[in-house]
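Colleague: What follows is model_33.pdb; its format and atoms are PDB, C-alpha atoms.
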```pdb
ATOM      1  CA  MET A1166    -109.242 -26.600-187.995
ATOM      2  CA  VAL A1167    -110.623 -25.407-184.667
ATOM      3  CA  HIS A1168    -108.691 -26.596-181.610
ATOM      4  CA  LYS A1169    -110.457 -27.050-178.288
ATOM      5  CA  LEU A1170    -108.658 -25.763-175.186
ATOM      6  CA  LEU A1171    -109.349 -27.069-171.696
ATOM      7  CA  LEU A1172    -108.218 -24.726-168.904
ATOM      8  CA  LEU A1173    -107.483 -26.479-165.605
ATOM      9  CA  THR A1174    -106.021 -24.163-162.984
ATOM     10  CA  ARG A1175    -106.950 -22.862-159.551
ATOM     11  CA  GLU A1176    -106.785 -19.387-161.052
ATOM     12  CA  ASN A1177    -109.049 -19.786-164.058
ATOM     13  CA  HIS A1178    -110.569 -16.393-163.234
ATOM     14  CA  ARG A1179    -107.176 -14.813-163.949
ATOM     15  CA  TYR A1180    -106.298 -16.915-166.993
ATOM     16  CA  LEU A1181    -109.595 -16.540-168.836
ATOM     17  CA  PRO A1182    -109.458 -12.775-169.500
ATOM     18  CA  LEU A1183    -105.790 -13.015-170.498
ATOM     19  CA  LEU A1184    -106.564 -15.732-173.038
ATOM     20  CA  GLU A1185    -109.614 -13.873-174.354
ATOM     21  CA  GLN A1186    -107.552 -10.707-174.878
ATOM     22  CA  LEU A1187    -105.113 -12.602-177.096
ATOM     23  CA  VAL A1188    -107.865 -13.765-179.485
ATOM     24  CA  LEU A1189    -105.803 -16.764-180.558
ATOM     25  CA  PRO A1190    -106.982 -17.982-183.983
ATOM     26  CA  GLU A1191    -108.893 -21.236-184.335
ATOM     27  CA  LEU A1192    -108.910 -21.823-180.576
ATOM     28  CA  GLN A1193    -112.129 -22.507-178.689
ATOM     29  CA  LEU A1194    -112.197 -22.515-174.900
ATOM     30  CA  VAL A1195    -114.319 -25.332-173.471
ATOM     31  CA  ASP A1196    -115.689 -26.011-170.008
ATOM     32  CA  ASP A1197    -114.690 -28.893-167.722
ATOM     33  CA  SER A1198    -117.705 -31.087-168.432
ATOM     34  CA  PRO A1199    -117.002 -34.777-169.151
ATOM     35  CA  ALA A1200    -117.803 -34.266-172.840
ATOM     36  CA  ALA A1201    -115.450 -31.274-173.113
ATOM     37  CA  ILE A1202    -112.655 -33.133-171.319
ATOM     38  CA  ALA A1203    -113.014 -35.978-173.790
ATOM     39  CA  GLU A1204    -112.988 -33.653-176.825
ATOM     40  CA  ALA A1205    -110.300 -31.093-175.914
ATOM     41  CA  ASP A1206    -107.082 -31.620-177.880
ATOM     42  CA  ILE A1207    -105.073 -28.935-176.030
ATOM     43  CA  TRP A1208    -104.858 -28.489-172.270
ATOM     44  CA  LEU A1209    -103.444 -25.570-170.299
ATOM     45  CA  ALA A1210    -103.301 -27.131-166.891
ATOM     46  CA  GLU A1211    -101.738 -27.582-163.491
ATOM     47  CA  PRO A1212    -100.259 -31.111-163.411
ATOM     48  CA  ALA A1213    -102.016 -32.133-160.193
ATOM     49  CA  LEU A1214    -105.414 -31.128-161.619
ATOM     50  CA  ALA A1215    -104.743 -32.754-164.985
ATOM     51  CA  LEU A1216    -103.579 -36.120-163.647
ATOM     52  CA  PRO A1217    -106.931 -37.640-162.542
ATOM     53  CA  LEU A1218    -108.633 -36.504-165.761
ATOM     54  CA  LEU A1219    -106.064 -37.865-168.228
ATOM     55  CA  PRO A1220    -107.816 -41.256-168.622
ATOM     56  CA  HIS A1221    -110.833 -39.362-170.014
ATOM     57  CA  ALA A1222    -108.798 -37.198-172.428
ATOM     58  CA  HIS A1223    -109.546 -39.104-175.638
ATOM     59  CA  GLN A1224    -108.415 -36.356-178.032
ATOM     60  CA  LEU A1225    -105.485 -34.882-176.081
ATOM     61  CA  GLN A1226    -102.493 -34.033-178.277
ATOM     62  CA  TRP A1227    -100.656 -31.372-176.282
ATOM     63  CA  LEU A1228    -100.664 -30.384-172.611
ATOM     64  CA  GLN A1229     -99.034 -27.093-171.620
ATOM     65  CA  SER A1230     -98.271 -27.178-167.915
ATOM     66  CA  THR A1231     -98.648 -23.936-165.995
ATOM     67  CA  PHE A1232     -95.778 -25.022-163.722
ATOM     68  CA  ALA A1233     -92.130 -25.903-164.245
ATOM     69  CA  GLY A1234     -92.547 -29.148-162.290
ATOM     70  CA  VAL A1235     -94.426 -31.858-164.183
ATOM     71  CA  ASP A1236     -93.251 -34.921-162.226
ATOM     72  CA  LYS A1237     -96.853 -35.811-161.289
ATOM     73  CA  LEU A1238     -97.446 -36.548-164.991
ATOM     74  CA  LEU A1239     -94.331 -38.686-165.408
ATOM     75  CA  GLY A1240     -93.523 -42.284-164.611
ATOM     76  CA  PRO A1241     -93.682 -45.722-166.209
ATOM     77  CA  LYS A1242     -97.425 -46.055-165.618
ATOM     78  CA  ARG A1243     -98.344 -42.561-166.858
ATOM     79  CA  ARG A1244     -99.604 -41.676-170.324
ATOM     80  CA  SER A1245     -97.003 -40.484-172.787
ATOM     81  CA  ASP A1246     -98.995 -40.406-176.034
ATOM     82  CA  TYR A1247     -99.164 -36.607-176.160
ATOM     83  CA  GLN A1248     -96.744 -33.680-176.195
ATOM     84  CA  LEU A1249     -96.019 -32.229-172.759
ATOM     85  CA  THR A1250     -94.457 -28.804-172.306
ATOM     86  CA  ASN A1251     -93.657 -26.900-169.131
ATOM     87  CA  ILE A1252     -92.753 -23.362-168.113
ATOM     88  CA  LYS A1253     -89.152 -22.194-168.270
ATOM     89  CA  GLY A1254     -87.233 -18.969-168.556
ATOM     90  CA  ILE A1255     -89.300 -16.973-166.052
ATOM     91  CA  PHE A1256     -88.279 -18.462-162.719
ATOM     92  CA  GLY A1257     -84.616 -17.437-162.535
ATOM     93  CA  PRO A1258     -85.265 -13.879-161.285
ATOM     94  CA  LEU A1259     -87.871 -15.100-158.777
ATOM     95  CA  MET A1260     -85.584 -17.831-157.444
ATOM     96  CA  SER A1261     -82.748 -15.319-157.122
ATOM     97  CA  GLU A1262     -84.968 -12.986-155.101
ATOM     98  CA  TYR A1263     -85.877 -15.843-152.760
ATOM     99  CA  ILE A1264     -82.363 -17.212-152.340
ATOM    100  CA  PHE A1265     -80.537 -13.938-151.922
ATOM    101  CA  GLY A1266     -83.270 -12.457-149.750
ATOM    102  CA  TYR A1267     -82.656 -15.179-147.181
ATOM    103  CA  LEU A1268     -78.921 -15.333-147.812
ATOM    104  CA  LEU A1269     -78.354 -11.621-147.253
ATOM    105  CA  ALA A1270     -80.600 -11.591-144.194
ATOM    106  CA  HIS A1271     -78.545 -14.447-142.758
ATOM    107  CA  CYS A1272     -75.103 -13.018-143.532
ATOM    108  CA  ARG A1273     -76.036  -9.490-142.456
ATOM    109  CA  GLN A1274     -77.675 -10.760-139.228
ATOM    110  CA  GLN A1275     -80.919  -8.893-139.820
ATOM    111  CA  GLN A1276     -82.789 -10.878-137.189
ATOM    112  CA  LEU A1277     -80.152 -10.025-134.572
ATOM    113  CA  TYR A1278     -80.424  -6.290-135.248
ATOM    114  CA  ARG A1279     -84.206  -6.457-135.112
ATOM    115  CA  GLN A1280     -83.967  -8.046-131.672
ATOM    116  CA  GLN A1281     -81.417  -5.440-130.557
ATOM    117  CA  GLN A1282     -83.697  -2.642-131.752
ATOM    118  CA  GLN A1283     -86.451  -3.911-129.467
ATOM    119  CA  GLN A1284     -83.944  -3.806-126.594
ATOM    120  CA  GLN A1285     -82.628  -0.357-127.623
ATOM    121  CA  LEU A1286     -79.218  -1.972-127.873
ATOM    122  CA  TRP A1287     -76.531  -0.329-130.060
ATOM    123  CA  GLN A1288     -74.040  -3.116-130.678
ATOM    124  CA  PRO A1289     -72.370  -4.066-133.983
ATOM    125  CA  GLY A1290     -72.554  -7.765-134.796
ATOM    126  CA  ASN A1291     -70.128 -10.030-136.588
ATOM    127  CA  TYR A1292     -71.722 -10.167-140.014
ATOM    128  CA  GLN A1293     -70.172 -11.763-143.087
ATOM    129  CA  SER A1294     -69.864 -10.655-146.697
ATOM    130  CA  LEU A1295     -70.842 -12.813-149.635
ATOM    131  CA  GLN A1296     -67.699 -11.695-151.447
ATOM    132  CA  GLY A1297     -65.308 -14.601-151.907
ATOM    133  CA  GLN A1298     -67.802 -17.208-150.732
ATOM    134  CA  GLN A1299     -68.455 -20.243-152.904
ATOM    135  CA  ILE A1300     -71.930 -21.182-154.072
ATOM    136  CA  LEU A1301     -72.559 -24.683-155.419
ATOM    137  CA  LEU A1302     -75.606 -25.009-157.652
ATOM    138  CA  LEU A1303     -77.025 -28.452-158.380
ATOM    139  CA  GLY A1304     -78.479 -27.803-161.816
ATOM    140  CA  THR A1305     -77.196 -25.301-164.377
ATOM    141  CA  GLY A1306     -80.319 -24.728-166.467
ATOM    142  CA  SER A1307     -82.139 -21.416-166.802
ATOM    143  CA  ILE A1308     -82.796 -21.161-163.057
ATOM    144  CA  GLY A1309     -79.333 -22.232-161.925
ATOM    145  CA  SER A1310     -77.664 -19.977-164.473
ATOM    146  CA  HIS A1311     -79.650 -16.927-163.376
ATOM    147  CA  VAL A1312     -78.883 -17.596-159.700
ATOM    148  CA  ALA A1313     -75.203 -17.997-160.592
ATOM    149  CA  ALA A1314     -75.211 -14.686-162.479
ATOM    150  CA  THR A1315     -76.744 -12.991-159.440
ATOM    151  CA  ALA A1316     -74.096 -14.585-157.236
ATOM    152  CA  LYS A1317     -71.367 -13.194-159.481
ATOM    153  CA  HIS A1318     -72.704  -9.677-158.842
ATOM    154  CA  PHE A1319     -72.043 -10.256-155.136
ATOM    155  CA  GLY A1320     -68.511 -11.430-155.844
ATOM    156  CA  MET A1321     -69.156 -15.110-155.171
ATOM    157  CA  HIS A1322     -67.299 -18.017-156.764
ATOM    158  CA  THR A1323     -69.819 -20.105-158.729
ATOM    159  CA  VAL A1324     -69.654 -23.876-159.137
ATOM    160  CA  GLY A1325     -72.333 -25.848-160.970
ATOM    161  CA  MET A1326     -73.151 -29.543-161.184
ATOM    162  CA  ASN A1327     -74.773 -30.986-164.281
ATOM    163  CA  LEU A1328     -74.805 -34.150-166.359
ATOM    164  CA  SER A1329     -73.707 -32.659-169.670
ATOM    165  CA  GLY A1330     -70.372 -31.166-168.635
ATOM    166  CA  LYS A1331     -71.251 -27.955-170.498
ATOM    167  CA  GLN A1332     -70.238 -24.726-168.756
ATOM    168  CA  PRO A1333     -72.733 -21.848-168.957
ATOM    169  CA  ALA A1334     -71.161 -18.408-168.837
ATOM    170  CA  ALA A1335     -72.198 -17.608-165.256
ATOM    171  CA  PHE A1336     -70.195 -20.500-163.782
ATOM    172  CA  ASP A1337     -66.526 -20.480-162.833
ATOM    173  CA  ARG A1338     -66.409 -24.275-162.758
ATOM    174  CA  ILE A1339     -68.595 -27.260-163.631
ATOM    175  CA  ILE A1340     -68.511 -30.624-161.853
ATOM    176  CA  THR A1341     -70.245 -33.963-162.371
ATOM    177  CA  ASN A1342     -72.283 -35.995-159.927
ATOM    178  CA  GLN A1343     -69.185 -38.128-159.289
ATOM    179  CA  GLN A1344     -67.277 -35.028-158.086
ATOM    180  CA  LEU A1345     -69.997 -33.847-155.716
ATOM    181  CA  ASN A1346     -68.464 -35.394-152.585
ATOM    182  CA  ASP A1347     -65.290 -33.376-153.157
ATOM    183  CA  ALA A1348     -67.155 -30.145-153.939
ATOM    184  CA  LEU A1349     -69.539 -30.095-150.971
ATOM    185  CA  PRO A1350     -66.873 -29.449-148.271
ATOM    186  CA  GLN A1351     -65.710 -26.374-150.237
ATOM    187  CA  ALA A1352     -69.144 -24.757-150.656
ATOM    188  CA  ASP A1353     -70.410 -22.052-148.310
ATOM    189  CA  VAL A1354     -73.832 -22.168-149.966
ATOM    190  CA  VAL A1355     -75.446 -25.197-151.635
ATOM    191  CA  VAL A1356     -78.568 -24.723-153.767
ATOM    192  CA  ASN A1357     -80.591 -27.528-155.335
ATOM    193  CA  THR A1358     -82.510 -26.445-158.448
ATOM    194  CA  LEU A1359     -82.745 -29.885-160.092
ATOM    195  CA  PRO A1360     -86.043 -31.190-161.492
ATOM    196  CA  ALA A1361     -87.448 -34.487-160.284
ATOM    197  CA  SER A1362     -85.864 -37.427-162.089
ATOM    198  CA  PRO A1363     -84.325 -40.799-161.196
ATOM    199  CA  ALA A1364     -80.873 -39.168-161.372
ATOM    200  CA  SER A1365     -81.759 -36.438-158.864
ATOM    201  CA  THR A1366     -83.646 -38.544-156.305
ATOM    202  CA  ASP A1367     -81.785 -38.439-152.970
ATOM    203  CA  ILE A1368     -78.776 -36.852-154.649
ATOM    204  CA  LEU A1369     -78.144 -35.328-151.222
ATOM    205  CA  ASP A1370     -78.422 -38.474-149.128
ATOM    206  CA  ALA A1371     -77.214 -39.070-145.560
ATOM    207  CA  GLU A1372     -73.629 -39.666-146.652
ATOM    208  CA  ARG A1373     -73.358 -36.573-148.823
ATOM    209  CA  LEU A1374     -75.092 -34.291-146.357
ATOM    210  CA  ARG A1375     -72.312 -34.986-143.885
ATOM    211  CA  TYR A1376     -69.843 -33.437-146.320
ATOM    212  CA  LEU A1377     -71.398 -29.985-145.769
ATOM    213  CA  LYS A1378     -68.782 -27.594-144.436
ATOM    214  CA  GLN A1379     -68.902 -25.717-141.136
ATOM    215  CA  GLY A1380     -71.508 -22.960-141.314
ATOM    216  CA  ALA A1381     -72.925 -24.049-144.677
ATOM    217  CA  ILE A1382     -76.321 -22.836-145.860
ATOM    218  CA  LEU A1383     -78.433 -25.329-147.827
ATOM    219  CA  PHE A1384     -81.332 -24.300-150.060
ATOM    220  CA  ASN A1385     -83.814 -26.627-151.723
ATOM    221  CA  VAL A1386     -85.870 -24.838-154.373
ATOM    222  CA  GLY A1387     -85.880 -27.710-156.890
ATOM    223  CA  ARG A1388     -87.759 -30.818-155.833
ATOM    224  CA  GLY A1389     -88.259 -32.341-152.407
ATOM    225  CA  SER A1390     -87.136 -35.752-153.646
ATOM    226  CA  ALA A1391     -83.561 -34.489-154.090
ATOM    227  CA  ILE A1392     -82.790 -34.509-150.343
ATOM    228  CA  ASP A1393     -83.152 -37.331-147.834
ATOM    229  CA  LEU A1394     -85.380 -35.385-145.449
ATOM    230  CA  GLU A1395     -84.940 -37.682-142.445
ATOM    231  CA  ALA A1396     -81.169 -37.591-142.849
ATOM    232  CA  LEU A1397     -81.241 -33.801-143.126
ATOM    233  CA  THR A1398     -83.408 -33.504-140.013
ATOM    234  CA  GLN A1399     -80.946 -35.665-138.071
ATOM    235  CA  LEU A1400     -77.994 -33.648-139.348
ATOM    236  CA  LEU A1401     -79.584 -30.330-138.359
ATOM    237  CA  SER A1402     -80.261 -31.661-134.860
ATOM    238  CA  GLU A1403     -76.584 -32.608-134.517
ATOM    239  CA  ARG A1404     -75.038 -29.558-136.202
ATOM    240  CA  SER A1405     -76.415 -26.186-135.204
ATOM    241  CA  ASP A1406     -73.874 -24.497-137.493
ATOM    242  CA  ILE A1407     -75.763 -25.609-140.625
ATOM    243  CA  THR A1408     -78.844 -23.732-141.838
ATOM    244  CA  ALA A1409     -81.397 -25.299-144.204
ATOM    245  CA  ILE A1410     -83.845 -23.126-146.117
ATOM    246  CA  LEU A1411     -86.440 -25.419-147.645
ATOM    247  CA  ASP A1412     -89.254 -24.539-150.037
ATOM    248  CA  VAL A1413     -90.053 -28.008-151.420
ATOM    249  CA  PHE A1414     -90.672 -31.350-149.727
ATOM    250  CA  PRO A1415     -91.402 -34.983-150.685
ATOM    251  CA  GLN A1416     -94.861 -34.556-149.147
ATOM    252  CA  GLU A1417     -96.619 -31.202-149.312
ATOM    253  CA  PRO A1418     -97.830 -29.699-147.090
ATOM    254  CA  LEU A1419     -95.049 -30.791-144.742
ATOM    255  CA  PRO A1420     -96.751 -33.070-142.174
ATOM    256  CA  PRO A1421     -97.263 -31.587-138.672
ATOM    257  CA  HIS A1422     -95.242 -34.365-137.014
ATOM    258  CA  GLN A1423     -92.046 -33.421-138.846
ATOM    259  CA  ARG A1424     -89.378 -32.184-136.421
ATOM    260  CA  LEU A1425     -88.239 -29.584-138.949
ATOM    261  CA  TRP A1426     -91.135 -27.326-137.948
ATOM    262  CA  GLN A1427     -89.553 -26.730-134.546
ATOM    263  CA  MET A1428     -85.877 -26.551-135.538
ATOM    264  CA  SER A1429     -84.212 -23.155-135.126
ATOM    265  CA  ASN A1430     -81.728 -23.806-137.958
ATOM    266  CA  ALA A1431     -84.423 -24.714-140.494
ATOM    267  CA  ILE A1432     -86.571 -22.228-142.417
ATOM    268  CA  ILE A1433     -89.684 -23.670-144.045
ATOM    269  CA  THR A1434     -91.678 -21.942-146.772
ATOM    270  CA  PRO A1435     -94.789 -23.339-148.531
ATOM    271  CA  HIS A1436     -93.476 -23.844-152.085
ATOM    272  CA  ILE A1437     -93.514 -20.128-152.895
ATOM    273  CA  SER A1438     -89.958 -19.449-154.096
ATOM    274  CA  ALA A1439     -91.051 -18.940-157.717
ATOM    275  CA  PRO A1440     -94.798 -18.830-158.398
ATOM    276  CA  SER A1441     -96.145 -19.056-161.938
ATOM    277  CA  PHE A1442     -97.674 -15.702-162.853
ATOM    278  CA  PRO A1443    -100.604 -16.156-165.268
ATOM    279  CA  GLN A1444     -99.489 -13.314-167.566
ATOM    280  CA  GLN A1445     -96.103 -14.954-168.150
ATOM    281  CA  VAL A1446     -97.600 -18.428-168.517
ATOM    282  CA  VAL A1447    -100.118 -17.218-171.109
ATOM    283  CA  GLU A1448     -97.332 -15.560-173.113
ATOM    284  CA  ILE A1449     -95.435 -18.864-173.258
ATOM    285  CA  PHE A1450     -98.633 -20.727-174.170
ATOM    286  CA  ALA A1451     -99.437 -18.261-176.956
ATOM    287  CA  ASP A1452     -95.969 -18.645-178.442
ATOM    288  CA  ASN A1453     -96.252 -22.423-178.310
ATOM    289  CA  TYR A1454     -99.740 -22.313-179.805
ATOM    290  CA  SER A1455     -98.348 -20.376-182.764
ATOM    291  CA  ARG A1456     -95.673 -23.055-183.149
ATOM    292  CA  TRP A1457     -98.338 -25.761-182.820
ATOM    293  CA  ARG A1458    -100.400 -24.326-185.676
ATOM    294  CA  GLN A1459     -97.276 -24.094-187.844
ATOM    295  CA  GLN A1460     -96.334 -27.665-186.928
ATOM    296  CA  SER A1461     -93.018 -26.395-185.526
ATOM    297  CA  PRO A1462     -91.235 -27.896-182.466
ATOM    298  CA  LEU A1463     -92.731 -26.660-179.205
ATOM    299  CA  GLN A1464     -90.700 -24.765-176.637
ATOM    300  CA  TYR A1465     -89.796 -26.523-173.360
ATOM    301  CA  GLN A1466     -90.942 -29.974-174.422
ATOM    302  CA  ILE A1467     -90.565 -32.710-171.813
ATOM    303  CA  ASP A1468     -88.857 -35.994-172.599
ATOM    304  CA  PHE A1469     -91.038 -38.593-170.875
ATOM    305  CA  LYS A1470     -88.118 -41.037-170.547
ATOM    306  CA  ARG A1471     -85.621 -38.578-169.061
ATOM    307  CA  GLY A1472     -88.220 -36.873-166.891
ATOM    308  CA  TYR A1473     -87.344 -33.298-167.882
TER     309      TYR A1473
END
```
Translate the structure of the given file into structure tokens.

Modeller:
Amino acid sequence: MVHKLLLLTRENHRYLPLLEQLVLPELQLVDDSPAAIAEADIWLAEPALALPLLPHAHQLQWLQSTFAGVDKLLGPKRRSDYQLTNIKGIFGPLMSEYIFGYLLAHCRQQQLYRQQQQQQLWQPGNYQSLQGQQILLLGTGSIGSHVAATAKHFGMHTVGMNLSGKQPAAFDRIITNQQLNDALPQADVVVNTLPASPASTDILDAERLRYLKQGAILFNVGRGSAIDLEALTQLLSERSDITAILDVFPQEPLPPHQRLWQMSNAIITPHISAPSFPQQVVEIFADNYSRWRQQSPLQYQIDFKRGY
């Protein structure tokens, strides 16, 4: 049986040659005409591009997202009569580069020394070491575990929060959501890596944000819905000791009127902490396609009810 693949990405020009090189058996690439959209049974797609076309996907059986985040395709009013898989296992190293790039620059006062260089000023600062600091990771999946392993290399104490209570090897301690209020005042660094779900929405609300310890650094590389953005903005305006490094937001791009743009203790990046590289995405798709043909369980399948 020949399967028809619809490719929906902003980088089709990069995906097409990679897919053609693989010569996947019994797979025919189709265009994005209305007839092809209706007939394609497999989609390799960005969630935001797939969403408006789903009502016309009459033969869709499996959609392989090119991103980790698929929340745009989830919800009580969204279709769930197909298999949905996302991308996992490739973002841990990229997230670690992002987090520890900023973290080391902050602790080692790189900006200060750059300014002093321009002034020809030879003056040691008061930098900190990561050794002995505690990092609290909200989410202990593949991304959280890789970040925790990186933290261990720097001599940090690693604490993770999850729902299962299971303790991956890279963590010194695991807590539950109910223990978060007690853990936040102990953490020097707090990193949210959680996917979007009802359980993670506003998990760092106004009350919990006020538990952040003196000098804490907060990263959000998971989903923007995990942090009450207005409460965080207010907190940063009141406490100059806290630094927030934010890559994801409830509304993207971040609207121009948001005060965060002008705040000296906030760093804003445009959702670039861990991009999906086409080569890696195609490798995951090819593996799943092999499983699909053998009628085996697909890797990284999303549970529509749980949201991840």

Colleague: On this structure, the PyMOL selection byres ((chain A and resi 1201) around 12) would catch which residues? List them as a list in words, sorted by chain and number.

Modeller: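 When the PyMOL selection byres ((chain A and resi 1201) around 12) is applied to the shown file, the picked residues are His1168, Lys1169, Leu1170, Leu1171, Leu1172, Leu1173, Gln1193, Leu1194, Val1195, Asp1196, Asp1197, Ser1198, Pro1199, Ala1200, Ile1202, Ala1203, Glu1204, Ala1205, Asp1206, Ile1207, Trp1208, Leu1218, His1221, Ala1222, His1223, Gln1224 and Leu1225 of chain A.
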
Colleague: Any idea what's packed within 12 Å of Asn1251 in chain A, counting only C-alpha atoms, ignoring anything in its chain fewer than 5 positions away? Could you give it as an MDAnalysis selection string?

Modeller: chainID A and resid 1208:1212 1227:1236 1238 1256 1360 1441 1446:1447 1449:1450 1453 1463:1468 1472:1473

Colleague: With C-alpha atoms retained, export the selected residues as a compact mmCIF listing (two decimals), in the frame of the given file.

Modeller:
```txt
# COMPACT_ATOMS: atom_id res chain seq x y z
CA TRP A 1208 -104.86 -28.49 -172.27
CA LEU A 1209 -103.44 -25.57 -170.30
CA ALA A 1210 -103.30 -27.13 -166.89
CA GLU A 1211 -101.74 -27.58 -163.49
CA PRO A 1212 -100.26 -31.11 -163.41
CA TRP A 1227 -100.66 -31.37 -176.28
CA LEU A 1228 -100.66 -30.38 -172.61
CA GLN A 1229 -99.03 -27.09 -171.62
CA SER A 1230 -98.27 -27.18 -167.92
CA THR A 1231 -98.65 -23.94 -166.00
CA PHE A 1232 -95.78 -25.02 -163.72
CA ALA A 1233 -92.13 -25.90 -164.24
CA GLY A 1234 -92.55 -29.15 -162.29
CA VAL A 1235 -94.43 -31.86 -164.18
CA ASP A 1236 -93.25 -34.92 -162.23
CA LEU A 1238 -97.45 -36.55 -164.99
CA PHE A 1256 -88.28 -18.46 -162.72
CA PRO A 1360 -86.04 -31.19 -161.49
CA SER A 1441 -96.14 -19.06 -161.94
CA VAL A 1446 -97.60 -18.43 -168.52
CA VAL A 1447 -100.12 -17.22 -171.11
CA ILE A 1449 -95.44 -18.86 -173.26
CA PHE A 1450 -98.63 -20.73 -174.17
CA ASN A 1453 -96.25 -22.42 -178.31
CA LEU A 1463 -92.73 -26.66 -179.20
CA GLN A 1464 -90.70 -24.76 -176.64
CA TYR A 1465 -89.80 -26.52 -173.36
CA GLN A 1466 -90.94 -29.97 -174.42
CA ILE A 1467 -90.56 -32.71 -171.81
CA ASP A 1468 -88.86 -35.99 -172.60
CA GLY A 1472 -88.22 -36.87 -166.89
CA TYR A 1473 -87.34 -33.30 -167.88
```

Colleague: Convert the output of the PyMOL selection byres ((chain A and resi 1324) around 6) on the shown file into explicit residues, formatted as number ranges by chain.

Modeller: A: 1301, 1323, 1325, 1336-1339

Colleague: Write out, as an mmCIF file, in the frame of the given file, the residues just selected, with C-alpha atoms.

Modeller:
```cif
data_model
loop_
_atom_site.group_PDB
_atom_site.id
_atom_site.type_symbol
_atom_site.label_atom_id
_atom_site.label_comp_id
_atom_site.auth_asym_id
_atom_site.auth_seq_id
_atom_site.Cartn_x
_atom_site.Cartn_y
_atom_site.Cartn_z
ATOM 1 C CA LEU A 1301 -72.559 -24.683 -155.419
ATOM 2 C CA THR A 1323 -69.819 -20.105 -158.729
ATOM 3 C CA GLY A 1325 -72.333 -25.848 -160.970
ATOM 4 C CA PHE A 1336 -70.195 -20.500 -163.782
ATOM 5 C CA ASP A 1337 -66.526 -20.480 -162.833
ATOM 6 C CA ARG A 1338 -66.409 -24.275 -162.758
ATOM 7 C CA ILE A 1339 -68.595 -27.260 -163.631
#
```

Colleague: Kindly give the distance, in Å, that separates CA of Leu1183 in chain A and CA of Ile1252 in chain A, rounded to a single decimal.

Modeller: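 Spanning CA of Leu1183 in chain A to CA of Ile1252 in chain A is a straight-line distance of 16.8 Å.
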
Colleague: As a check of understanding, name the residues that the PyMOL selection byres ((chain A and resi 1314) around 12) selects in the supplied structure, as a short mmCIF file (atom, residue, chain, number, x, y, z; two decimals) with C-alpha atoms, in the coordinates of the input.

Modeller:
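Resulting contents of part.cif:
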```
data_model
loop_
_atom_site.label_atom_id
_atom_site.label_comp_id
_atom_site.auth_asym_id
_atom_site.auth_seq_id
_atom_site.Cartn_x
_atom_site.Cartn_y
_atom_site.Cartn_z
CA GLY A 1257 -84.62 -17.44 -162.54
CA PRO A 1258 -85.26 -13.88 -161.28
CA MET A 1260 -85.58 -17.83 -157.44
CA SER A 1261 -82.75 -15.32 -157.12
CA PHE A 1265 -80.54 -13.94 -151.92
CA ILE A 1300 -71.93 -21.18 -154.07
CA LEU A 1302 -75.61 -25.01 -157.65
CA THR A 1305 -77.20 -25.30 -164.38
CA GLY A 1306 -80.32 -24.73 -166.47
CA SER A 1307 -82.14 -21.42 -166.80
CA ILE A 1308 -82.80 -21.16 -163.06
CA GLY A 1309 -79.33 -22.23 -161.93
CA SER A 1310 -77.66 -19.98 -164.47
CA HIS A 1311 -79.65 -16.93 -163.38
CA VAL A 1312 -78.88 -17.60 -159.70
CA ALA A 1313 -75.20 -18.00 -160.59
CA THR A 1315 -76.74 -12.99 -159.44
CA ALA A 1316 -74.10 -14.58 -157.24
CA LYS A 1317 -71.37 -13.19 -159.48
CA HIS A 1318 -72.70 -9.68 -158.84
CA PHE A 1319 -72.04 -10.26 -155.14
CA GLY A 1320 -68.51 -11.43 -155.84
CA MET A 1321 -69.16 -15.11 -155.17
CA HIS A 1322 -67.30 -18.02 -156.76
CA THR A 1323 -69.82 -20.10 -158.73
CA VAL A 1324 -69.65 -23.88 -159.14
CA GLY A 1325 -72.33 -25.85 -160.97
CA PRO A 1333 -72.73 -21.85 -168.96
CA ALA A 1334 -71.16 -18.41 -168.84
CA ALA A 1335 -72.20 -17.61 -165.26
CA PHE A 1336 -70.19 -20.50 -163.78
CA ASP A 1337 -66.53 -20.48 -162.83
#
```
